[in-house]
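Read the structure below first, then the notes.
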Amino acid sequence: MGIYQQQVLPRMINVLCGLETANPYRARVCAGLHGRVLEIGFGSGHNVPFYPAAVTAVDAIEPSDVAWKLAAERVAASPVPVERSGLDGQSLPLPEASCDTALSTYTLCTIPDVGAALTEVRRVLKPGGTLHFLDHGLAPEHKVQRWQHRMDRLQGRLFGGCHLDRPITDVITAAGFEIREVDRFYEKGSPKFLAADYLGVAVSP
């Protein structure tokens, strides 16, 4: 990995993902989290202020050392302990059935083997545990999808392998989760091909 991927990109993502316009979505996706939470793609900790009181601990999975350093103040201010418990969502160093709920925001679009990561999330979750997800992905409109397919390779090069056209609910159900609820919408203020969001909850049977 070069300087751009290691040093520049995490700082760019910290700024872009820290926009206040995303705060209402973060509040919605974090609602209902409880107990020990697995958060894959922790980034620089923008979800920390939105953890509900029912959360008792967070296992943060984050590959970027720079992102983890940028998260330091938010982690220090967290009312619950947050531990960096791993670097790779595709191979979680946690015991089976050790977490009550899981959280993923703007992460499933980027993980190289997202199926393997979601299989690992299911392994770590207790039976009946829920995955709370917020991500951008394949749009519902064909004309927007065409732009997503055209721009996907460039998006990946600029943003560390991020995909515009992943069908988020499909990859979640393919890993054995059952979608409990999902809201699909376009984020305001961004081009549709960049901002087709999925926000919901899936359960591990």
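Ordered as shown in the structure tokens, chains take letters A, B, and onward, while each chain numbers its residues from 1 and ligands are numbered from 1 in the order shown.
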Distance query Gly128 of chain A at most 12 Å, only C-alpha atoms, self and fewer than 6 positions along chain excluded, as a PDB file with C-alpha atoms, in the first residue's frame:
ATOM      1  CA  ALA A  97     -21.380 -16.400  19.748  1.00  0.00           C
ATOM      2  CA  CYS A  99     -21.405 -10.607  20.632  1.00  0.00           C
ATOM      3  CA  ASP A 100     -25.011  -9.557  21.078  1.00  0.00           C
ATOM      4  CA  THR A 101     -25.315  -7.152  18.139  1.00  0.00           C
ATOM      5  CA  ALA A 102     -23.187  -5.957  15.220  1.00  0.00           C
ATOM      6  CA  ARG A 122     -22.707 -14.503  11.891  1.00  0.00           C
ATOM      7  CA  GLY A 176     -27.570 -16.434   5.860  1.00  0.00           C
ATOM      8  CA  PHE A 177     -29.041 -13.347   7.519  1.00  0.00           C
ATOM      9  CA  GLU A 178     -32.740 -12.549   7.362  1.00  0.00           C
ATOM     10  CA  ARG A 180     -35.862  -7.663   9.431  1.00  0.00           C
ATOM     11  CA  VAL A 201     -31.455  -4.507  10.501  1.00  0.00           C
ATOM     12  CA  ALA A 202     -30.827  -8.170   9.718  1.00  0.00           C
ATOM     13  CA  VAL A 203     -31.070 -11.092  12.117  1.00  0.00           C
ATOM     14  CA  SER A 204     -28.850 -14.163  12.390  1.00  0.00           C
ATOM     15  CA  PRO A 205     -31.241 -17.108  12.865  1.00  0.00           C
TER      16      PRO A 205
END
Applying 8 Å and only C-alpha atoms, which residues near segment 67-77 of chain A remain after dropping the ones on its own chain fewer than 4 positions away? List them as a list in words. Pro10, Arg11, Asn14, Gly43, Ser44, Gly45, His46, Val48, Pro49, Glu62, Pro81 and Val82 of chain A
In segment 2-175 of chain A, DSSP strand (DSSP E) residues written as a ChimeraX atom specification: /A:35-40,55-61,82-86,99-105,125-136
Rounded to one decimal in Å, what is the spacing between atom CA of Gln145 of chain A and atom CA of Phe193 of chain A?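 That distance, rounded to one decimal, is 7.0 Å.
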Close residues, Asp59 of chain A itself excluded, 6 Å, only C-alpha atoms, min 5 positions apart in chain, as a list in words: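 So the residues in contact are Leu38, Glu83 and Ser85 of chain A.
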Atom CA of Ile61 of chain A to atom CA of Gly156 of chain A measures 20.9 Å
Taking only residues of segment 51-141 of chain A that have an atom at most 12 Å from an atom of segment 15-26 of chain A, what is each one's shortest atom pair and its distance in Å to one decimal, using only C-alpha atoms, in chain and number order, as a Markdown table?
| residue | atom | partner | partner_atom | distance |
| --- | --- | --- | --- | --- |
| A:Tyr51 | CA | A:Arg26 | CA | 9.3 |
| A:Pro52 | CA | A:Arg26 | CA | 11.4 |
| A:Ala67 | CA | A:Val15 | CA | 11.0 |
| A:Leu70 | CA | A:Val15 | CA | 10.5 |
| A:Ala71 | CA | A:Gly18 | CA | 11.3 |
| A:Arg74 | CA | A:Gly18 | CA | 11.9 |
| A:Leu103 | CA | A:Arg26 | CA | 10.4 |
| A:Ser104 | CA | A:Arg26 | CA | 10.3 |
| A:Thr105 | CA | A:Arg26 | CA | 8.0 |
| A:Tyr106 | CA | A:Cys17 | CA | 8.5 |
| A:Thr107 | CA | A:Cys17 | CA | 11.2 |
| A:His132 | CA | A:Arg26 | CA | 10.2 |
| A:Phe133 | CA | A:Arg26 | CA | 9.6 |
| A:Leu134 | CA | A:Tyr25 | CA | 7.7 |
| A:Asp135 | CA | A:Tyr25 | CA | 10.1 |
| A:His136 | CA | A:Tyr25 | CA | 11.9 |
Residues of the last selection are to be written out with all heavy atoms, as a short mmCIF file (atom, residue, chain, number, x, y, z; two decimals), in the first residue's frame.
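Dumped to again35.cif:
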data_model
loop_
_atom_site.label_atom_id
_atom_site.label_comp_id
_atom_site.auth_asym_id
_atom_site.auth_seq_id
_atom_site.Cartn_x
_atom_site.Cartn_y
_atom_site.Cartn_z
N TYR A 51 -23.99 5.47 20.18
CA TYR A 51 -24.25 4.19 20.84
C TYR A 51 -25.33 4.37 21.90
O TYR A 51 -25.23 5.26 22.76
CB TYR A 51 -22.99 3.67 21.54
CG TYR A 51 -21.84 3.29 20.63
CD1 TYR A 51 -20.53 3.34 21.11
CD2 TYR A 51 -22.04 2.88 19.32
CE1 TYR A 51 -19.45 2.98 20.30
CE2 TYR A 51 -20.97 2.52 18.51
CZ TYR A 51 -19.68 2.58 19.01
OH TYR A 51 -18.61 2.23 18.22
N PRO A 52 -26.35 3.53 21.92
CA PRO A 52 -27.39 3.62 22.95
C PRO A 52 -26.84 3.24 24.33
O PRO A 52 -25.79 2.60 24.45
CB PRO A 52 -28.44 2.61 22.49
CG PRO A 52 -28.15 2.33 21.06
CD PRO A 52 -26.66 2.50 20.91
N ALA A 67 -6.67 5.73 10.81
CA ALA A 67 -8.06 5.92 11.21
C ALA A 67 -8.23 5.70 12.71
O ALA A 67 -8.96 6.45 13.38
CB ALA A 67 -8.97 4.97 10.43
N LEU A 70 -7.05 8.71 14.51
CA LEU A 70 -8.02 9.79 14.38
C LEU A 70 -9.23 9.58 15.28
O LEU A 70 -9.93 10.53 15.62
CB LEU A 70 -8.48 9.91 12.92
CG LEU A 70 -7.41 10.39 11.92
CD1 LEU A 70 -7.92 10.24 10.49
CD2 LEU A 70 -7.04 11.85 12.19
N ALA A 71 -9.47 8.33 15.65
CA ALA A 71 -10.61 8.01 16.52
C ALA A 71 -10.32 8.22 18.00
O ALA A 71 -11.22 8.11 18.83
CB ALA A 71 -11.03 6.56 16.30
N ARG A 74 -12.64 10.39 20.25
CA ARG A 74 -13.99 9.84 20.35
C ARG A 74 -13.99 8.59 21.22
O ARG A 74 -14.90 8.40 22.04
CB ARG A 74 -14.53 9.53 18.95
CG ARG A 74 -14.66 10.76 18.07
CD ARG A 74 -15.25 10.41 16.69
NE ARG A 74 -15.20 11.59 15.84
CZ ARG A 74 -14.28 11.83 14.93
NH1 ARG A 74 -13.31 10.96 14.74
NH2 ARG A 74 -14.30 12.93 14.20
N LEU A 103 -22.59 -3.93 14.06
CA LEU A 103 -22.82 -2.67 13.38
C LEU A 103 -21.86 -2.53 12.21
O LEU A 103 -20.66 -2.81 12.34
CB LEU A 103 -22.61 -1.50 14.36
CG LEU A 103 -22.68 -0.08 13.80
CD1 LEU A 103 -24.08 0.24 13.26
CD2 LEU A 103 -22.29 0.92 14.89
N SER A 104 -22.37 -2.10 11.07
CA SER A 104 -21.55 -1.83 9.90
C SER A 104 -22.08 -0.59 9.21
O SER A 104 -23.24 -0.57 8.78
CB SER A 104 -21.58 -3.03 8.94
OG SER A 104 -20.92 -2.71 7.72
N THR A 105 -21.26 0.44 9.09
CA THR A 105 -21.67 1.65 8.39
C THR A 105 -20.64 1.99 7.32
O THR A 105 -19.46 2.13 7.60
CB THR A 105 -21.83 2.85 9.35
OG1 THR A 105 -20.61 3.09 10.04
CG2 THR A 105 -22.93 2.59 10.36
N TYR A 106 -21.13 2.11 6.08
CA TYR A 106 -20.29 2.46 4.93
C TYR A 106 -19.06 1.55 4.85
O TYR A 106 -17.94 2.02 4.60
CB TYR A 106 -19.88 3.93 5.01
CG TYR A 106 -21.06 4.87 5.11
CD1 TYR A 106 -21.30 5.59 6.29
CD2 TYR A 106 -21.94 5.02 4.05
CE1 TYR A 106 -22.39 6.46 6.39
CE2 TYR A 106 -23.04 5.89 4.15
CZ TYR A 106 -23.26 6.59 5.32
OH TYR A 106 -24.34 7.44 5.42
N THR A 107 -19.28 0.26 5.05
CA THR A 107 -18.19 -0.71 5.09
C THR A 107 -18.40 -1.88 4.13
O THR A 107 -17.46 -2.33 3.49
CB THR A 107 -18.03 -1.27 6.53
OG1 THR A 107 -17.70 -0.20 7.41
CG2 THR A 107 -16.96 -2.34 6.61
N HIS A 132 -26.86 -4.36 12.32
CA HIS A 132 -27.41 -3.06 11.95
C HIS A 132 -26.50 -2.49 10.86
O HIS A 132 -25.29 -2.37 11.06
CB HIS A 132 -27.44 -2.13 13.16
CG HIS A 132 -28.33 -2.62 14.26
ND1 HIS A 132 -29.34 -1.87 14.80
CD2 HIS A 132 -28.37 -3.81 14.94
CE1 HIS A 132 -29.97 -2.56 15.74
NE2 HIS A 132 -29.38 -3.74 15.84
N PHE A 133 -27.07 -2.14 9.71
CA PHE A 133 -26.24 -1.76 8.58
C PHE A 133 -26.71 -0.45 7.94
O PHE A 133 -27.90 -0.15 7.88
CB PHE A 133 -26.20 -2.87 7.52
CG PHE A 133 -27.55 -3.26 6.96
CD1 PHE A 133 -28.05 -2.66 5.81
CD2 PHE A 133 -28.32 -4.25 7.57
CE1 PHE A 133 -29.28 -3.02 5.29
CE2 PHE A 133 -29.56 -4.62 7.06
CZ PHE A 133 -30.04 -4.00 5.91
N LEU A 134 -25.74 0.32 7.50
CA LEU A 134 -25.96 1.55 6.74
C LEU A 134 -24.88 1.59 5.67
O LEU A 134 -23.70 1.61 5.99
CB LEU A 134 -25.85 2.78 7.65
CG LEU A 134 -25.73 4.15 6.97
CD1 LEU A 134 -26.97 4.47 6.14
CD2 LEU A 134 -25.50 5.24 8.01
N ASP A 135 -25.29 1.59 4.42
CA ASP A 135 -24.30 1.56 3.34
C ASP A 135 -24.90 2.13 2.07
O ASP A 135 -26.13 2.18 1.91
CB ASP A 135 -23.84 0.13 3.07
CG ASP A 135 -22.33 0.04 2.91
OD1 ASP A 135 -21.77 0.85 2.14
OD2 ASP A 135 -21.73 -0.83 3.56
N HIS A 136 -24.02 2.55 1.17
CA HIS A 136 -24.49 2.90 -0.16
C HIS A 136 -24.25 1.70 -1.06
O HIS A 136 -23.36 0.88 -0.82
CB HIS A 136 -23.77 4.14 -0.70
CG HIS A 136 -22.32 3.96 -0.96
ND1 HIS A 136 -21.84 3.46 -2.16
CD2 HIS A 136 -21.23 4.17 -0.19
CE1 HIS A 136 -20.53 3.40 -2.11
NE2 HIS A 136 -20.13 3.82 -0.93
#
Per DSSP on the backbone, what are the alpha helix (DSSP H) residues of chain A, as a ChimeraX atom specification? /A:3,9-16,23-30,65-70,72-77,114-124,142-158,168-174
Separation of atom CA of Ala57 of chain A from atom CA of Gln90 of chain A in Å: 21.0 Å
